[in-house]
Amino acid sequence: MAGFIDDDIVVDLATLPEISMASPTTTAKTALITGASSGIGRALAACFAADGWNIVLAARGVAKLETLAAELAARHGITATVIGADLSSAEGASALHAEVERRGIVVDALVANAGAGTYGDIRDGDLAKDVAMIQLNTTSVVVLTRLVLAGLIARRGKILVTASTAAFQPCPHMAIYAATKAFVLSFCEALAEEISDTGVTVTALCPGPTATGFFDAAEMNASALVKGKRLPSSESVAAVGYRAMLKGRRVVVPGLMNNILVQSVRFTPRRVITRIVSIMARRV
Ligand SMILES: NC(=O)c1ccc[n+]([C@@H]2O[C@H](COP(=O)([O-])OP(=O)(O)OC[C@H]3O[C@@H](n4cnc5c(N)ncnc54)[C@H](OP(=O)(O)O)[C@@H]3O)[C@@H](O)[C@H]2O)c1
């Protein structure tokens, strides 16, 4: 695949080493992780905790976060803090940041992972739901990033944002979701370049379909993208993202097939790729 697939983004899920508890990468650093109550965010929280980071877990599901925080704190001897946040509201991201500051927590890594999807054609969609998703998937990511950026620059910190393979091309039947992820990917890559002289790295994690609660929440289980498919685990995807962040990679796509897919888009007319994705994402 050399020469065809960009080495920066190729990761083989089968060859991932374990996250080590014995040799922590860092001590007494703190990661703020959004969307940590389930799926990829929950697994990312476990990666950071296993590596010795203190963690601040944010989402709406505070009970789930409390259980996870207690479990990870006990297992890894780290500090785990829970903050309830609704990042689909206009003030959610700034309220979360204000609460982090109020508690005197210093953030060394921002993991902007919280996100949701909506499935179906634009003309049939629930507009209020779509607008809330745009807020959650894009505006809140920008606001949170902007609010912690000066502190991260002062500490040569890290930013990890969960985008998606949906970011690489238009996706009929999940058009607005894919557009939010295209926004996030573009934002991350541009920001990474802008601050490349500061020591802060920005990593966009771009998973393909992954076994989480995402498809239930998006009412998307009837899509050909996922129906009857065996999907990679959130743990394997999170481990790819965590390691890519440590290495300061800008874009990482877990899984060889996902990589082939995102690279093939570069050489295919957009109208053709849009038609193909429409078929891939159709209701079956
Ligand atoms: N699963 C996939 O196939 C896939 C593929 C590519 C990218 N992604 C991306 O991966 C990220 C994580 O999703 P997932 O697959 O792990 O799905 P998930 O299991 O549904 O997790 C989504 C997380 O986001 C949080 N969240 C949702 N709405 C929120 C809100 N209004 N305010 C704050 N937090 C909110 C959820 O917590 P609460 O409900 O407790 O608030 C949960 O912790 C998302 O950005 C998603 O777009 C997923």
# chains A, B, ... in the order shown; residues from 1 in each chain; ligands from 1
$ residues_near_ligand --ligand "ligand 1" --cutoff "7 Å" --atoms "only C-alpha atoms and all ligand atoms" --output "compact mmCIF listing (two decimals) with N, CA and C atoms, in the first residue's frame"
# COMPACT_ATOMS: atom_id res chain seq x y z
N THR A 34 -14.97 14.71 26.63
CA THR A 34 -16.42 14.84 26.47
C THR A 34 -16.99 13.57 25.83
N GLY A 35 -18.24 13.32 26.15
CA GLY A 35 -18.88 12.11 25.62
C GLY A 35 -18.26 10.85 26.20
N ALA A 36 -17.93 10.91 27.49
CA ALA A 36 -17.23 9.78 28.13
C ALA A 36 -18.18 8.77 28.75
N SER A 37 -19.49 8.99 28.62
CA SER A 37 -20.42 8.09 29.31
C SER A 37 -20.65 6.79 28.56
N SER A 38 -20.24 6.73 27.30
CA SER A 38 -20.43 5.47 26.55
C SER A 38 -19.50 5.42 25.34
N GLY A 39 -19.47 4.29 24.69
CA GLY A 39 -18.82 4.13 23.40
C GLY A 39 -17.35 4.51 23.38
N ILE A 40 -16.97 5.24 22.34
CA ILE A 40 -15.56 5.57 22.10
C ILE A 40 -15.02 6.47 23.21
N GLY A 41 -15.83 7.40 23.70
CA GLY A 41 -15.37 8.31 24.77
C GLY A 41 -15.09 7.57 26.06
N ARG A 42 -15.94 6.62 26.37
CA ARG A 42 -15.74 5.79 27.56
C ARG A 42 -14.43 5.01 27.43
N ALA A 58 -17.08 14.30 30.96
CA ALA A 58 -18.26 15.14 30.75
C ALA A 58 -19.23 14.47 29.78
N ALA A 59 -20.51 14.62 30.07
CA ALA A 59 -21.61 14.16 29.20
C ALA A 59 -22.89 14.54 29.95
N ARG A 60 -24.04 14.14 29.40
CA ARG A 60 -25.30 14.38 30.12
C ARG A 60 -25.55 13.29 31.13
N GLY A 61 -25.14 12.08 30.84
CA GLY A 61 -25.43 10.92 31.71
C GLY A 61 -24.49 10.84 32.90
N VAL A 62 -24.80 11.66 33.92
CA VAL A 62 -23.90 11.79 35.07
C VAL A 62 -23.77 10.47 35.84
N ALA A 85 -22.82 17.84 31.47
CA ALA A 85 -22.83 18.90 30.45
C ALA A 85 -23.73 18.50 29.29
N ASP A 86 -24.56 19.45 28.85
CA ASP A 86 -25.32 19.23 27.62
C ASP A 86 -24.70 20.11 26.54
N LEU A 87 -23.92 19.50 25.68
CA LEU A 87 -23.15 20.24 24.68
C LEU A 87 -23.95 20.51 23.41
N SER A 88 -25.22 20.14 23.43
CA SER A 88 -26.07 20.52 22.29
C SER A 88 -26.79 21.85 22.56
N ASN A 113 -14.92 14.57 22.08
CA ASN A 113 -15.43 13.32 21.47
C ASN A 113 -16.95 13.28 21.40
N ALA A 114 -17.63 14.01 22.29
CA ALA A 114 -19.11 13.93 22.33
C ALA A 114 -19.67 14.23 20.95
N GLY A 115 -20.61 13.42 20.54
CA GLY A 115 -21.23 13.66 19.24
C GLY A 115 -22.42 12.75 19.06
N ALA A 116 -23.23 13.10 18.08
CA ALA A 116 -24.41 12.29 17.78
C ALA A 116 -24.71 12.43 16.29
N GLY A 117 -25.54 11.51 15.80
CA GLY A 117 -25.91 11.56 14.39
C GLY A 117 -27.41 11.62 14.23
N LEU A 136 -23.77 20.45 18.89
CA LEU A 136 -22.98 19.45 19.62
C LEU A 136 -21.71 19.06 18.85
N ASN A 137 -21.86 18.76 17.57
CA ASN A 137 -20.74 18.20 16.80
C ASN A 137 -19.74 19.24 16.31
N THR A 162 -12.86 13.63 17.95
CA THR A 162 -13.42 12.50 17.21
C THR A 162 -14.22 13.03 16.02
N ALA A 163 -13.66 12.82 14.84
CA ALA A 163 -14.39 13.15 13.60
C ALA A 163 -15.03 11.86 13.11
N SER A 164 -14.80 11.48 11.86
CA SER A 164 -15.43 10.28 11.31
C SER A 164 -14.93 10.07 9.88
N THR A 165 -15.04 8.85 9.37
CA THR A 165 -14.78 8.66 7.93
C THR A 165 -15.85 9.39 7.11
N CYS A 206 -10.71 9.55 13.05
CA CYS A 206 -11.78 9.38 12.06
C CYS A 206 -12.19 7.92 11.96
N PRO A 207 -13.02 7.45 12.90
CA PRO A 207 -13.45 6.04 12.83
C PRO A 207 -14.48 5.83 11.72
N GLY A 208 -14.50 4.61 11.22
CA GLY A 208 -15.63 4.17 10.42
C GLY A 208 -16.68 3.63 11.38
N PRO A 209 -17.74 2.99 10.86
CA PRO A 209 -18.76 2.44 11.74
C PRO A 209 -18.15 1.58 12.85
N THR A 210 -18.55 1.86 14.08
CA THR A 210 -17.97 1.26 15.28
C THR A 210 -19.11 0.79 16.19
N ALA A 211 -18.89 -0.31 16.88
CA ALA A 211 -19.95 -0.88 17.73
C ALA A 211 -20.14 -0.05 19.00
N THR A 212 -21.04 0.92 18.93
CA THR A 212 -21.37 1.76 20.10
C THR A 212 -22.89 2.00 20.09
N GLY A 213 -23.33 2.84 21.00
CA GLY A 213 -24.75 3.19 21.03
C GLY A 213 -25.14 4.22 19.98
N PHE A 214 -24.15 4.63 19.18
CA PHE A 214 -24.38 5.70 18.20
C PHE A 214 -25.56 5.42 17.27
N PHE A 215 -25.64 4.19 16.77
CA PHE A 215 -26.65 3.87 15.75
C PHE A 215 -28.05 3.77 16.35
N ALA A 217 -28.95 5.68 18.93
CA ALA A 217 -29.30 7.09 19.17
C ALA A 217 -29.69 7.78 17.87
N SER A 234 -15.33 -0.24 20.33
CA SER A 234 -14.94 1.12 20.71
C SER A 234 -13.55 1.12 21.35
$ residues_around --residues "Asn54 in chain A" --least-positions-apart "2" --cutoff "6 Å" --atoms "only C-alpha atoms" --output "tab-separated table (two decimals) with N, CA and C atoms, in the first residue's frame"
chain	number	residue	atom	x	y	z
A	29	LYS	N	-0.99	14.59	34.79
A	29	LYS	CA	-1.59	15.41	33.76
A	29	LYS	C	-3.08	15.12	33.72
A	30	THR	N	-3.84	16.08	33.20
A	30	THR	CA	-5.29	15.93	33.24
A	30	THR	C	-5.88	16.06	31.84
A	78	ILE	N	-5.89	7.05	39.81
A	78	ILE	CA	-5.89	8.42	39.25
A	78	ILE	C	-7.08	9.18	39.84
A	79	THR	N	-7.12	10.49	39.58
A	79	THR	CA	-8.26	11.29	40.00
A	79	THR	C	-9.24	11.40	38.83
A	80	ALA	N	-10.47	11.04	39.10
A	80	ALA	CA	-11.49	11.12	38.04
A	80	ALA	C	-12.62	12.01	38.52
$ select_by_dssp --residues "range 61-276 of chain A" --states "strand (DSSP E)" --output "PyMOL selection string"
chain A and resi 80-84+109-112+158-162+201-205+251-254
$ closest_residue --among "A:Lys181, A:Arg250, A:Arg146, A:Lys64" --to "Gln169 in chain A" --atoms "only C-alpha atoms"
A:Lys181
$ atom_distance --atom1 "CA of Ala112 in chain A" --atom2 "CA of Val161 in chain A"
4.7 Å
